[in-house]
Amino acid sequence: MLIAVVLVLLVVGSILFHFLSPWWLTPIASNWVEVDNTITITFWVTGFVFVAVNLFLAYVCVRYRYRADRKAHYQPESKRLEWGLTWLTAIGVCAMLAPGLLVWGNFVNVPDEAHEIEAVAEQFRWSFRLPGEDETFGKTDVSHMGVENPFGMDPSDPYGADDVLINNGELHLPLHEPVKVLLRSKDVLHNFAVPQMRVKMDMVPGMVTYLWFEPIRIGEFEILCEELCGIAHYAMRGRVVVDEAEDYQTWVDQQVTYEETANLPAANPIVGQALYGLCAACHGPDGQGNQQLGSPKISGQSAWYMQLQINNFKQGIRGTQEGDVFGPQMAAMMATLTDDNSVRNVISHVQDLPDRPAPQTVEGDAERGGWLYTTCAACHGLDAMGIWQQKGPRLAGMSDWYMVSQLQHFKNGLRGYHPLDFGGDQMTQLSIMLTDDRDIRDVVSYINTLAPSE
Amino acid sequence: MNPITLAIALLCSVVVWGLIVRHLTAMPWEEAGGGSHLRDIQTVDLPAAKVAFYALLGVITSLFLLFFTAYNMRMNPSHGGDWHSVAEPGLLWLNTGLLILSSVAMQWARALAKRDNQQKLLLALIFGGLLTLAFLTGQMVAWGQMQASGQYSLSNPASAFFYLLTAVHGFHLIGGLVVWGLTLKKIKGGASAQSLQLTVELCSVYWHYLLVVWLMLFAILVST
Amino acid sequence: MVYTPIADSDDPHALHDPQSFISKYVWSQDHKVIAIQYALTALSVGLLALVLSGMMRLQLAFPESFTFINPSNYLQFVTMHGMIMVIYLLTALFLGGFGNYLIPLMCGTRDMVFPYLNMLSYWVYLLSVLILLASFFVPGGATGAGWTLYPPQAIMPGTPGADYGILLMLISLGVFIIAFTMGGLNYVTTVLQARCKGMSMMRMPLTVWGIFTATILGLLAFPALLVSAIMMTLDKTLGTSFFMPAVLSMGADAGYTGGSPILFQHLFWFFGHPEVYIVALPAFGMVSDVLSVHARKAIFGYRMMVWAIVAIGALSFVVWAHHMYVSGMNPYFGFFFATTTLIIAIPTAIKVYNWVLTLWRGNIRFTVPMLFAIGFIFTFTHGGLTGLFLGNVTVDLPLSDTYFVVGHFHMVMGVSPVLVLFAAIYHWFPKVTGRLLNTTMGKWHFWLTFLGTYSIYLPMHYLGFLGVPRRYFANGTSDFMPDSVQTINISITVAALIVAVVQLLFLFNLFWSLKHGEKAGSNPWEAASLEWQTPDTPPKHGNWGAELPVCHRWAYDYSVPGHATDFIPQNEPHNGEDSLEEMSAHPEEDH
């Protein structure tokens, strides 16, 4: 008896839940309205069956509940009833399957006018490539990949020269133009998914997969990785920005081509030394850092990381938050390095500075910290010497007090707040695993144990 | 479309299985009477060991089919195109001959067990087993030759598959040899040939089966 | 050649005769003892998996609160929870536990045909469990590759346990497959070969049909897992490139070339999808029997139910790639697999209809097992119908890899089989122990489990519609996720913790009733099938005393018109038929 009442309540409750819940498909931003329609058809067919079967079940439970004076009806089978229900089900299945297959046909066949772009995934970030004016992508291969050539461009392939390389997680797309996204992975399986676009596809190392869609409204949409790719899988975010055609063109013009990145003049440490005088005031003549001035040790840090951070400071991506004491100072100083060559020159000088381990100031439980560090190692390396591919900087032997303050900044929103700071955002998301200052001290004191000996 | 081919093959075998299970249309509630006649129609009137043995062959067949499918799919040039065909050592032809002979010896043993000829049965079994050991040794020698030549690196999927598939086949033969050893021990212990009839029969079928697997495997290796 | 397998022999002494405590309860060859060993091991390891899921739920509800849960071990929890639940709990408990206990009793045999092999099967299974548990304690810990163990990530740094954890997992799976094969050959042979007189295939209870078909699926499908496990082990240890393409790992070329991750996925799901039915088919069978007994009515459409089981079993081999619609495989496969997948919905729907129609015009006793069985119909209907979303290739596009998937497979493969397991335990416990489980505790257990799980998984489907991805340590801040997502996550976690705690009540009930439960007698539910007709309860070694039973009718003679009682045991002769004594007096007529 009670079960019948509960079954009815569950059916009614499920229906109410459906209509009252704030969670449903996001407002669509692509041409795939027909996907939504297929979902709607499936929803109503299955919803009808769900309600019908369970209400009938509830009715049966009441009507045929146990009575000592009653005997059950003896009927081993009913061909008519069973086959009737079978055919009815078959019709329902066809009603769902037919539109599904039709829409899938549209998904599989990309329209000829779709322009191609490439999305590249790796642990745990996104980058993008446009084919350039020749509308043809240059060849790539894992064997070419390195810190200077993260896309693995084949230098001998002429088609690659004008390829536009976007080495951060934001991709712009023009409105109302169908786009075929070629999907490539550098390491493990990933999945390119934008909920508002409705379509997704895995990215498989060793092959190129694809999907296509046509953006139908202006806006910014998050790219999520939806195939488990490792420890920081949940923090692997990118962004699709849908622009009007002219805004899109402006954005494309700001990007660099492979040719431009490959043919930079060699950095000059002599010129850099002169520029470094400015930095030495805080970071010290040997780049050893100065805790009183909030300046970390920079000697021994990877060039690519310093370049990234200096650009962040210059572009207002870092060091603009209220409450950040030293960030704005750094941003102001870096504004004086006017062009990219100066930045590269000064970094090349820093690379030449003697690399002595920073003094250790933080105390904590290193053993417990080591257990926590397992997660950090996914990007910073087991030896904490940094990994360019994951954009994890070197930590071992660097200023420990600075790591503590930066972890706190990530947690407090003083760093990693800017939409273009994808690495910072990732740290923000990962730093939630350190629930309090003790966790931070422990993990940093473990990193101290990894400091290379002099 | 390889996975689909495989699926259809399996589907067929399941259908065949369905046909073996006869009388799925019987209406059990209308069948008057208990008794033995039903049972005679419907149980498989074979020794349990035989039924289980054939089921085991089904499992092993599934295993090898899947390996062959994996081989075939990995060969597909769309997967990186790093497949470099390798020339199999000529020794394999000799090994094939040995395995055929061992299968013949096992068949001979089977006939002898049926005729209850214990002396000759022992001889035939020893023959079969030794030939099998010779085959396995031959396979090892072939591995050794390949390793020595240095042209069969594990990073080439063609040679990696060669090692893997010959090893899997070899392990199944070793499993057979374990049963073979136990049977020899029983004969030493004075068991009559008659009492070993079933064991010897199943051994012979197992040997023929692994011979067929080997021939298929060899054909695949040679032709690719 | 006249051959009489021991399982079929009338002489109980032909079986091995346990003398000491050890040979009776530890190295036992008795299928009933082995079944209990299987069941207790599976339940213990399942309890661990339950705790792991509790940890995941805590993290999802309160993402910044627990130091002992971090992204690395969260993935280990995800992986081990999934693998343990699917393989080491559900497969082992349905086939090793219930299969072992019920096949000989329902088919009227004295034991499995190969009792020694059966014993080995359990000990090898235990070994696989121990290897699995050992992986928690090796450097790097258990694997965190997700239960699907996809390469390349499964064996590459950046994934927890990529060195030792994954190897132990693969070895454990290999050992499990050996154990399963030993058990499976036994079940199949016993069903085909050792049934008692009169027990035709079409007289077998659906439980046996379900277990039998599931075992065949397992025997054919597990090799695919073995193949992929062997090849992945070689990729990891010897540097072959079966599955590993050229990849960058931690900024350096990992030295692999040209392997195919998709090939692994094909092999994995060629096992993985039948695996769903390896769990579901025994559940289908057992719930059919529970419904029929407690509704006092023959299972509706027995033949259709058998055909459906066989059809589902066969079709389950041609639907696997519906797990791979967005895997990057040739997209044209989508047409084929969407079609086969939706076709499989038809026999499955027939089963649901027939369960409901079994209750229809019945005389339903709302016992605890019956409540669980009705709960199962509800959850399975829900889970089956949401499967039509994911099976339909287009609808899968936005929903795959979201919480919709999590909600769906937990409804259909988690909650539903588990409800059947509970129904089965409440139903057959009296046969195993001679005592009934406590009804009051049982009802609390049912209501909290049933309502609790629904309030866990229903909202998950809606999070999936919204696009919340699965296998995320934390959702972070996303524009498309309103704050209410976190609110419902907390509510889901509360429900999950309640459900988890209620299982302790169930465990308590198990132990309490063992001593204090109401004495059951030999047939407390007045059931017709053969396992309730044993001369002793619990059945003694050899099951049937001096003489094997003879089956005279199908397992569902309930409420037969014109009969005094509302059930007729399977071994009761028809009126006017030769009596049992006469038949056994003329054994030569048997052949």
# chains A, B, ... in the order shown; residues from 1 in each chain; ligands from 1
$ interface_residues --of "chain C" --to "chain A" --cutoff "6 Å" --atoms "only C-alpha atoms" --output "ChimeraX atom specification"
/C:64-65,67,70-72,152-153,158-159,245,247-248,251,297-298,300-301,326-328,360-365,385,394-395,397-398,401,462,465-467,472,559-560
$ write_last_selection --atoms "N, CA, C and O atoms" --output "compact mmCIF listing (two decimals), in the first residue's frame"
# COMPACT_ATOMS: atom_id res chain seq x y z
N GLU C 64 36.55 22.69 -0.52
CA GLU C 64 37.78 23.27 0.05
C GLU C 64 37.94 22.89 1.51
O GLU C 64 38.53 23.63 2.29
N SER C 65 37.43 21.74 1.89
CA SER C 65 37.39 21.46 3.32
C SER C 65 38.31 20.34 3.79
O SER C 65 38.65 20.28 4.95
N THR C 67 41.73 18.15 3.71
CA THR C 67 43.10 17.99 3.24
C THR C 67 43.35 16.56 2.77
O THR C 67 44.16 16.33 1.89
N ASN C 70 42.65 15.01 -2.12
CA ASN C 70 43.24 15.96 -3.06
C ASN C 70 43.02 15.43 -4.48
O ASN C 70 42.55 14.31 -4.66
N PRO C 71 43.31 16.24 -5.50
CA PRO C 71 42.98 15.81 -6.87
C PRO C 71 43.57 14.46 -7.23
O PRO C 71 42.99 13.70 -8.00
N SER C 72 44.73 14.18 -6.64
CA SER C 72 45.39 12.93 -6.98
C SER C 72 44.64 11.73 -6.39
O SER C 72 44.27 10.79 -7.11
N PRO C 152 46.57 6.72 -23.45
CA PRO C 152 47.89 6.75 -22.84
C PRO C 152 47.91 7.14 -21.36
O PRO C 152 48.85 6.77 -20.67
N GLN C 153 46.88 7.86 -20.87
CA GLN C 153 47.06 8.44 -19.53
C GLN C 153 47.27 7.41 -18.45
O GLN C 153 47.95 7.67 -17.47
N GLY C 158 51.47 12.06 -14.48
CA GLY C 158 50.36 13.01 -14.54
C GLY C 158 49.08 12.32 -14.13
O GLY C 158 48.09 12.96 -13.81
N THR C 159 49.11 10.98 -14.16
CA THR C 159 48.00 10.18 -13.66
C THR C 159 48.49 9.46 -12.40
O THR C 159 49.58 8.90 -12.42
N PRO C 245 50.64 5.91 -28.87
CA PRO C 245 51.10 6.67 -30.02
C PRO C 245 52.32 7.51 -29.62
O PRO C 245 52.72 7.51 -28.46
N VAL C 247 53.91 10.42 -28.22
CA VAL C 247 53.36 11.44 -27.32
C VAL C 247 54.48 12.17 -26.60
O VAL C 247 55.60 11.67 -26.46
N LEU C 248 54.10 13.33 -26.14
CA LEU C 248 54.97 14.12 -25.29
C LEU C 248 54.59 13.76 -23.86
O LEU C 248 53.41 13.67 -23.53
N GLY C 251 56.96 17.09 -21.10
CA GLY C 251 57.84 17.93 -21.89
C GLY C 251 58.85 17.19 -22.74
O GLY C 251 59.64 17.81 -23.42
N LYS C 297 2.04 -15.63 -8.20
CA LYS C 297 1.56 -15.72 -9.57
C LYS C 297 2.72 -16.13 -10.48
O LYS C 297 3.87 -15.75 -10.23
N ALA C 298 2.38 -16.92 -11.50
CA ALA C 298 3.42 -17.32 -12.43
C ALA C 298 4.04 -16.09 -13.07
O ALA C 298 3.36 -15.11 -13.34
N PHE C 300 4.96 -13.67 -15.70
CA PHE C 300 4.18 -13.44 -16.90
C PHE C 300 5.06 -13.58 -18.13
O PHE C 300 6.12 -12.95 -18.22
N GLY C 301 4.63 -14.41 -19.06
CA GLY C 301 5.37 -14.54 -20.32
C GLY C 301 6.74 -15.16 -20.14
O GLY C 301 7.75 -14.62 -20.60
N VAL C 326 31.89 9.69 -28.98
CA VAL C 326 32.73 10.89 -29.08
C VAL C 326 34.19 10.56 -28.78
O VAL C 326 34.94 11.38 -28.31
N SER C 327 34.58 9.32 -29.08
CA SER C 327 35.95 8.90 -28.78
C SER C 327 36.91 9.25 -29.90
O SER C 327 38.11 9.09 -29.75
N GLY C 328 36.38 9.69 -31.03
CA GLY C 328 37.26 9.94 -32.16
C GLY C 328 37.35 8.76 -33.11
O GLY C 328 38.09 8.80 -34.08
N TRP C 360 0.34 -7.77 -11.88
CA TRP C 360 -1.04 -7.50 -12.31
C TRP C 360 -1.90 -8.75 -12.09
O TRP C 360 -1.53 -9.84 -12.48
N ARG C 361 -3.02 -8.58 -11.42
CA ARG C 361 -3.93 -9.67 -11.08
C ARG C 361 -3.26 -10.73 -10.21
O ARG C 361 -3.65 -11.89 -10.21
N GLY C 362 -2.22 -10.32 -9.52
CA GLY C 362 -1.60 -11.24 -8.57
C GLY C 362 -2.23 -11.07 -7.19
O GLY C 362 -3.32 -10.48 -7.05
N ASN C 363 -1.56 -11.59 -6.18
CA ASN C 363 -2.03 -11.44 -4.80
C ASN C 363 -0.78 -11.08 -4.00
O ASN C 363 -0.14 -11.91 -3.38
N ILE C 364 -0.45 -9.77 -4.06
CA ILE C 364 0.91 -9.34 -3.73
C ILE C 364 1.16 -9.26 -2.23
O ILE C 364 0.46 -8.53 -1.52
N ARG C 365 2.14 -10.02 -1.76
CA ARG C 365 2.57 -9.90 -0.37
C ARG C 365 3.71 -8.91 -0.33
O ARG C 365 4.77 -9.13 -0.93
N LEU C 385 15.40 3.92 -19.34
CA LEU C 385 14.92 4.98 -20.23
C LEU C 385 16.00 6.05 -20.46
O LEU C 385 16.13 6.57 -21.57
N THR C 394 23.07 11.09 -31.41
CA THR C 394 22.97 12.55 -31.41
C THR C 394 22.77 13.10 -30.01
O THR C 394 23.40 14.08 -29.61
N VAL C 395 21.88 12.44 -29.27
CA VAL C 395 21.59 12.92 -27.92
C VAL C 395 22.82 12.77 -27.02
O VAL C 395 23.02 13.52 -26.07
N LEU C 397 25.80 13.43 -27.80
CA LEU C 397 26.80 14.48 -28.02
C LEU C 397 26.89 15.46 -26.85
O LEU C 397 27.96 15.63 -26.29
N PRO C 398 25.79 16.11 -26.48
CA PRO C 398 25.93 17.01 -25.34
C PRO C 398 26.02 16.29 -23.99
O PRO C 398 26.56 16.84 -23.05
N ASP C 401 30.01 12.13 -21.01
CA ASP C 401 31.01 12.67 -20.09
C ASP C 401 30.46 13.74 -19.15
O ASP C 401 31.21 14.53 -18.60
N TYR C 462 20.03 16.03 -14.18
CA TYR C 462 19.78 17.42 -14.55
C TYR C 462 21.07 18.22 -14.57
O TYR C 462 21.26 19.11 -15.40
N PHE C 465 22.30 17.54 -17.95
CA PHE C 465 21.68 18.38 -18.99
C PHE C 465 22.35 19.74 -19.03
O PHE C 465 22.61 20.30 -20.08
N LEU C 466 22.62 20.26 -17.84
CA LEU C 466 23.27 21.56 -17.75
C LEU C 466 24.67 21.52 -18.36
O LEU C 466 25.15 22.51 -18.92
N GLY C 467 25.31 20.36 -18.26
CA GLY C 467 26.65 20.22 -18.85
C GLY C 467 27.75 20.07 -17.82
O GLY C 467 28.93 20.22 -18.15
N TYR C 472 35.34 15.30 -12.19
CA TYR C 472 35.98 16.55 -11.80
C TYR C 472 36.13 16.56 -10.29
O TYR C 472 35.20 16.28 -9.56
N SER C 559 -0.88 -20.44 -7.70
CA SER C 559 -2.32 -20.18 -7.85
C SER C 559 -2.91 -20.91 -9.05
O SER C 559 -3.71 -20.35 -9.81
N VAL C 560 -2.53 -22.17 -9.22
CA VAL C 560 -3.09 -22.95 -10.31
C VAL C 560 -4.55 -23.25 -10.00
O VAL C 560 -4.87 -23.67 -8.88
$ interface_residues --of "chain C" --to "chain B" --cutoff "7 Å" --atoms "only C-alpha atoms" --output "PyMOL selection string"
chain C and resi 3+5+113+185+189+192-193+197-203+219-220+223-224+227+239-242+257-260+263+303+314+317-318+550-554+573-574+577+590
$ residues_around --residues "Ser192 in chain B" --least-positions-apart "5" --cutoff "10 Å" --atoms "only C-alpha atoms" --output "list of chain:residue names"
B:Ala113, B:Asp116, B:Asn117, B:Gln118, B:Gln119, B:Leu121, B:Lys186, B:Ile187, B:Gln197
$ residues_around --residues "Lys314 in chain A" --least-positions-apart "5" --cutoff "9 Å" --atoms "only C-alpha atoms" --output "list in words"
Gln309, Met330, Ala331, Ala332, Met333, Met334, Ala335, Thr336, Leu337 and Thr338 of chain A
$ write_last_selection --atoms "N, CA, C and O atoms" --output "PDB file, in the first residue's frame"
ATOM      1  N   GLN A 309      55.450  35.628 -17.216  1.00  0.00           N
ATOM      2  CA  GLN A 309      55.003  36.445 -16.092  1.00  0.00           C
ATOM      3  C   GLN A 309      55.259  37.932 -16.361  1.00  0.00           C
ATOM      4  O   GLN A 309      54.438  38.778 -16.016  1.00  0.00           O
ATOM      5  N   MET A 330      55.834  45.646  -9.291  1.00  0.00           N
ATOM      6  CA  MET A 330      56.461  44.884 -10.380  1.00  0.00           C
ATOM      7  C   MET A 330      55.857  45.302 -11.718  1.00  0.00           C
ATOM      8  O   MET A 330      56.566  45.488 -12.704  1.00  0.00           O
ATOM      9  N   ALA A 331      54.524  45.466 -11.730  1.00  0.00           N
ATOM     10  CA  ALA A 331      53.855  45.859 -12.980  1.00  0.00           C
ATOM     11  C   ALA A 331      54.403  47.197 -13.455  1.00  0.00           C
ATOM     12  O   ALA A 331      54.690  47.397 -14.639  1.00  0.00           O
ATOM     13  N   ALA A 332      54.607  48.128 -12.516  1.00  0.00           N
ATOM     14  CA  ALA A 332      55.104  49.452 -12.890  1.00  0.00           C
ATOM     15  C   ALA A 332      56.521  49.351 -13.440  1.00  0.00           C
ATOM     16  O   ALA A 332      56.860  49.976 -14.456  1.00  0.00           O
ATOM     17  N   MET A 333      57.353  48.536 -12.778  1.00  0.00           N
ATOM     18  CA  MET A 333      58.718  48.382 -13.249  1.00  0.00           C
ATOM     19  C   MET A 333      58.747  47.775 -14.650  1.00  0.00           C
ATOM     20  O   MET A 333      59.513  48.200 -15.519  1.00  0.00           O
ATOM     21  N   MET A 334      57.921  46.779 -14.847  1.00  0.00           N
ATOM     22  CA  MET A 334      57.965  46.058 -16.108  1.00  0.00           C
ATOM     23  C   MET A 334      57.462  46.899 -17.270  1.00  0.00           C
ATOM     24  O   MET A 334      57.799  46.659 -18.422  1.00  0.00           O
ATOM     25  N   ALA A 335      56.644  47.912 -16.947  1.00  0.00           N
ATOM     26  CA  ALA A 335      56.162  48.795 -18.013  1.00  0.00           C
ATOM     27  C   ALA A 335      57.330  49.497 -18.683  1.00  0.00           C
ATOM     28  O   ALA A 335      57.226  49.967 -19.817  1.00  0.00           O
ATOM     29  N   THR A 336      58.479  49.566 -17.960  1.00  0.00           N
ATOM     30  CA  THR A 336      59.631  50.249 -18.556  1.00  0.00           C
ATOM     31  C   THR A 336      60.335  49.387 -19.600  1.00  0.00           C
ATOM     32  O   THR A 336      61.108  49.888 -20.391  1.00  0.00           O
ATOM     33  N   LEU A 337      60.094  48.095 -19.563  1.00  0.00           N
ATOM     34  CA  LEU A 337      60.645  47.239 -20.621  1.00  0.00           C
ATOM     35  C   LEU A 337      59.678  47.308 -21.788  1.00  0.00           C
ATOM     36  O   LEU A 337      58.661  46.622 -21.808  1.00  0.00           O
ATOM     37  N   THR A 338      60.010  48.174 -22.746  1.00  0.00           N
ATOM     38  CA  THR A 338      58.984  48.531 -23.717  1.00  0.00           C
ATOM     39  C   THR A 338      58.723  47.453 -24.760  1.00  0.00           C
ATOM     40  O   THR A 338      57.602  47.264 -25.175  1.00  0.00           O
TER      41      THR A 338
END
$ atom_distance --atom1 "CA of Leu91 in chain B" --atom2 "CA of Ala142 in chain B"
6.4 Å
$ residues_around --residues "Gly176 in chain B" --least-positions-apart "2" --cutoff "10 Å" --atoms "only C-alpha atoms" --output "list in words"
Gly129, Thr132, Gly170, Phe171, His172, Leu173, Ile174, Val178, Val179, Trp180, Gly181, Leu202, Cys203, Ser204, Tyr206, Trp207 and Leu210 of chain B
$ write_last_selection --atoms "all heavy atoms" --output "compact mmCIF listing (two decimals), in the first residue's frame"
# COMPACT_ATOMS: atom_id res chain seq x y z
N GLY B 129 54.35 -35.58 -27.01
CA GLY B 129 54.85 -34.56 -26.09
C GLY B 129 56.21 -34.06 -26.49
O GLY B 129 56.48 -32.85 -26.48
N THR B 132 56.06 -31.80 -29.32
CA THR B 132 55.57 -30.48 -28.90
C THR B 132 56.70 -29.69 -28.25
O THR B 132 56.86 -28.49 -28.52
CB THR B 132 54.42 -30.66 -27.89
OG1 THR B 132 53.52 -31.63 -28.41
CG2 THR B 132 53.70 -29.36 -27.67
N GLY B 170 52.28 -20.39 -27.44
CA GLY B 170 53.17 -21.29 -26.72
C GLY B 170 52.65 -21.59 -25.32
O GLY B 170 52.68 -22.74 -24.87
N PHE B 171 52.16 -20.57 -24.63
CA PHE B 171 51.63 -20.79 -23.28
C PHE B 171 50.47 -21.77 -23.29
O PHE B 171 50.34 -22.60 -22.39
CB PHE B 171 51.18 -19.46 -22.66
CG PHE B 171 52.30 -18.75 -21.95
CD1 PHE B 171 52.72 -17.50 -22.36
CD2 PHE B 171 52.94 -19.35 -20.88
CE1 PHE B 171 53.76 -16.85 -21.73
CE2 PHE B 171 53.99 -18.70 -20.23
CZ PHE B 171 54.40 -17.45 -20.65
N HIS B 172 49.65 -21.70 -24.32
CA HIS B 172 48.54 -22.65 -24.38
C HIS B 172 49.04 -24.07 -24.57
O HIS B 172 48.50 -25.01 -24.01
CB HIS B 172 47.56 -22.24 -25.48
CG HIS B 172 46.66 -21.12 -25.06
ND1 HIS B 172 46.99 -19.80 -25.20
CD2 HIS B 172 45.45 -21.14 -24.43
CE1 HIS B 172 46.04 -19.05 -24.70
NE2 HIS B 172 45.09 -19.83 -24.23
N LEU B 173 50.12 -24.20 -25.39
CA LEU B 173 50.70 -25.54 -25.55
C LEU B 173 51.28 -26.04 -24.23
O LEU B 173 51.13 -27.22 -23.87
CB LEU B 173 51.80 -25.50 -26.61
CG LEU B 173 51.34 -25.76 -28.05
CD1 LEU B 173 52.53 -25.64 -28.98
CD2 LEU B 173 50.70 -27.13 -28.19
N ILE B 174 51.92 -25.13 -23.50
CA ILE B 174 52.49 -25.53 -22.21
C ILE B 174 51.38 -26.02 -21.28
O ILE B 174 51.54 -27.04 -20.59
CB ILE B 174 53.29 -24.37 -21.59
CG1 ILE B 174 54.55 -24.11 -22.41
CG2 ILE B 174 53.66 -24.68 -20.15
CD1 ILE B 174 55.31 -22.87 -22.03
N VAL B 178 51.10 -29.73 -19.45
CA VAL B 178 50.87 -30.03 -18.03
C VAL B 178 49.92 -31.21 -17.92
O VAL B 178 50.19 -32.19 -17.20
CB VAL B 178 50.31 -28.80 -17.29
CG1 VAL B 178 49.87 -29.19 -15.88
CG2 VAL B 178 51.35 -27.70 -17.23
N VAL B 179 48.83 -31.17 -18.65
CA VAL B 179 47.88 -32.28 -18.63
C VAL B 179 48.55 -33.55 -19.16
O VAL B 179 48.39 -34.65 -18.61
CB VAL B 179 46.64 -31.94 -19.48
CG1 VAL B 179 45.68 -33.13 -19.52
CG2 VAL B 179 45.96 -30.71 -18.95
N TRP B 180 49.36 -33.37 -20.20
CA TRP B 180 50.11 -34.48 -20.79
C TRP B 180 51.00 -35.14 -19.72
O TRP B 180 51.02 -36.35 -19.55
CB TRP B 180 50.94 -33.94 -21.95
CG TRP B 180 51.95 -34.86 -22.54
CD1 TRP B 180 51.72 -35.88 -23.41
CD2 TRP B 180 53.37 -34.83 -22.32
NE1 TRP B 180 52.90 -36.49 -23.75
CE2 TRP B 180 53.93 -35.87 -23.09
CE3 TRP B 180 54.21 -34.03 -21.55
CZ2 TRP B 180 55.30 -36.13 -23.12
CZ3 TRP B 180 55.58 -34.27 -21.57
CH2 TRP B 180 56.11 -35.32 -22.36
N GLY B 181 51.71 -34.30 -18.95
CA GLY B 181 52.59 -34.82 -17.91
C GLY B 181 51.80 -35.61 -16.86
O GLY B 181 52.20 -36.69 -16.44
N LEU B 202 40.54 -35.76 -25.24
CA LEU B 202 40.49 -34.31 -25.11
C LEU B 202 41.86 -33.70 -25.44
O LEU B 202 41.94 -32.65 -26.08
CB LEU B 202 40.04 -33.89 -23.71
CG LEU B 202 38.62 -34.33 -23.34
CD1 LEU B 202 38.21 -33.72 -22.01
CD2 LEU B 202 37.62 -33.92 -24.42
N CYS B 203 42.92 -34.39 -25.02
CA CYS B 203 44.26 -33.91 -25.36
C CYS B 203 44.41 -33.82 -26.87
O CYS B 203 44.91 -32.81 -27.39
CB CYS B 203 45.32 -34.86 -24.81
SG CYS B 203 45.81 -34.46 -23.14
N SER B 204 43.99 -34.88 -27.56
CA SER B 204 44.19 -34.87 -29.01
C SER B 204 43.40 -33.73 -29.65
O SER B 204 43.92 -33.02 -30.51
CB SER B 204 43.79 -36.21 -29.60
OG SER B 204 42.39 -36.36 -29.55
N TYR B 206 42.61 -30.97 -28.26
CA TYR B 206 43.28 -29.73 -27.88
C TYR B 206 44.48 -29.49 -28.77
O TYR B 206 44.74 -28.38 -29.23
CB TYR B 206 43.70 -29.82 -26.41
CG TYR B 206 44.25 -28.54 -25.83
CD1 TYR B 206 43.42 -27.42 -25.68
CD2 TYR B 206 45.56 -28.43 -25.40
CE1 TYR B 206 43.91 -26.25 -25.13
CE2 TYR B 206 46.06 -27.27 -24.86
CZ TYR B 206 45.23 -26.18 -24.71
OH TYR B 206 45.71 -25.01 -24.17
N TRP B 207 45.23 -30.56 -29.05
CA TRP B 207 46.41 -30.42 -29.92
C TRP B 207 46.00 -30.02 -31.34
O TRP B 207 46.60 -29.14 -31.93
CB TRP B 207 47.20 -31.73 -29.93
CG TRP B 207 48.49 -31.61 -29.16
CD1 TRP B 207 49.72 -31.43 -29.69
CD2 TRP B 207 48.66 -31.65 -27.74
NE1 TRP B 207 50.67 -31.34 -28.68
CE2 TRP B 207 50.03 -31.48 -27.47
CE3 TRP B 207 47.79 -31.79 -26.65
CZ2 TRP B 207 50.57 -31.46 -26.18
CZ3 TRP B 207 48.31 -31.78 -25.37
CH2 TRP B 207 49.68 -31.62 -25.14
N LEU B 210 45.02 -26.39 -31.26
CA LEU B 210 46.15 -25.45 -31.22
C LEU B 210 46.94 -25.48 -32.53
O LEU B 210 47.57 -24.49 -32.90
CB LEU B 210 47.06 -25.74 -30.03
CG LEU B 210 46.49 -25.26 -28.69
CD1 LEU B 210 47.46 -25.54 -27.57
CD2 LEU B 210 46.15 -23.78 -28.72
$ select_by_dssp --residues "range 236-428 of chain A" --states "strand (DSSP E)" --output "list in words"
Arg237, Gly238, Arg239, Val240, Val241, Val242, Asp243, Val256 and Thr257 of chain A
$ write_last_selection --atoms "C-alpha atoms" --output "PDB file, in the first residue's frame"
ATOM      1  CA  ARG A 237      39.865  25.301 -19.038  1.00  0.00           C
ATOM      2  CA  GLY A 238      39.846  27.361 -22.175  1.00  0.00           C
ATOM      3  CA  ARG A 239      37.482  29.853 -23.735  1.00  0.00           C
ATOM      4  CA  VAL A 240      35.707  30.390 -27.033  1.00  0.00           C
ATOM      5  CA  VAL A 241      34.899  34.009 -27.765  1.00  0.00           C
ATOM      6  CA  VAL A 242      32.379  34.570 -30.540  1.00  0.00           C
ATOM      7  CA  ASP A 243      32.939  37.928 -32.252  1.00  0.00           C
ATOM      8  CA  VAL A 256      51.779  35.768 -34.264  1.00  0.00           C
ATOM      9  CA  THR A 257      52.594  33.357 -37.059  1.00  0.00           C
TER      10      THR A 257
END
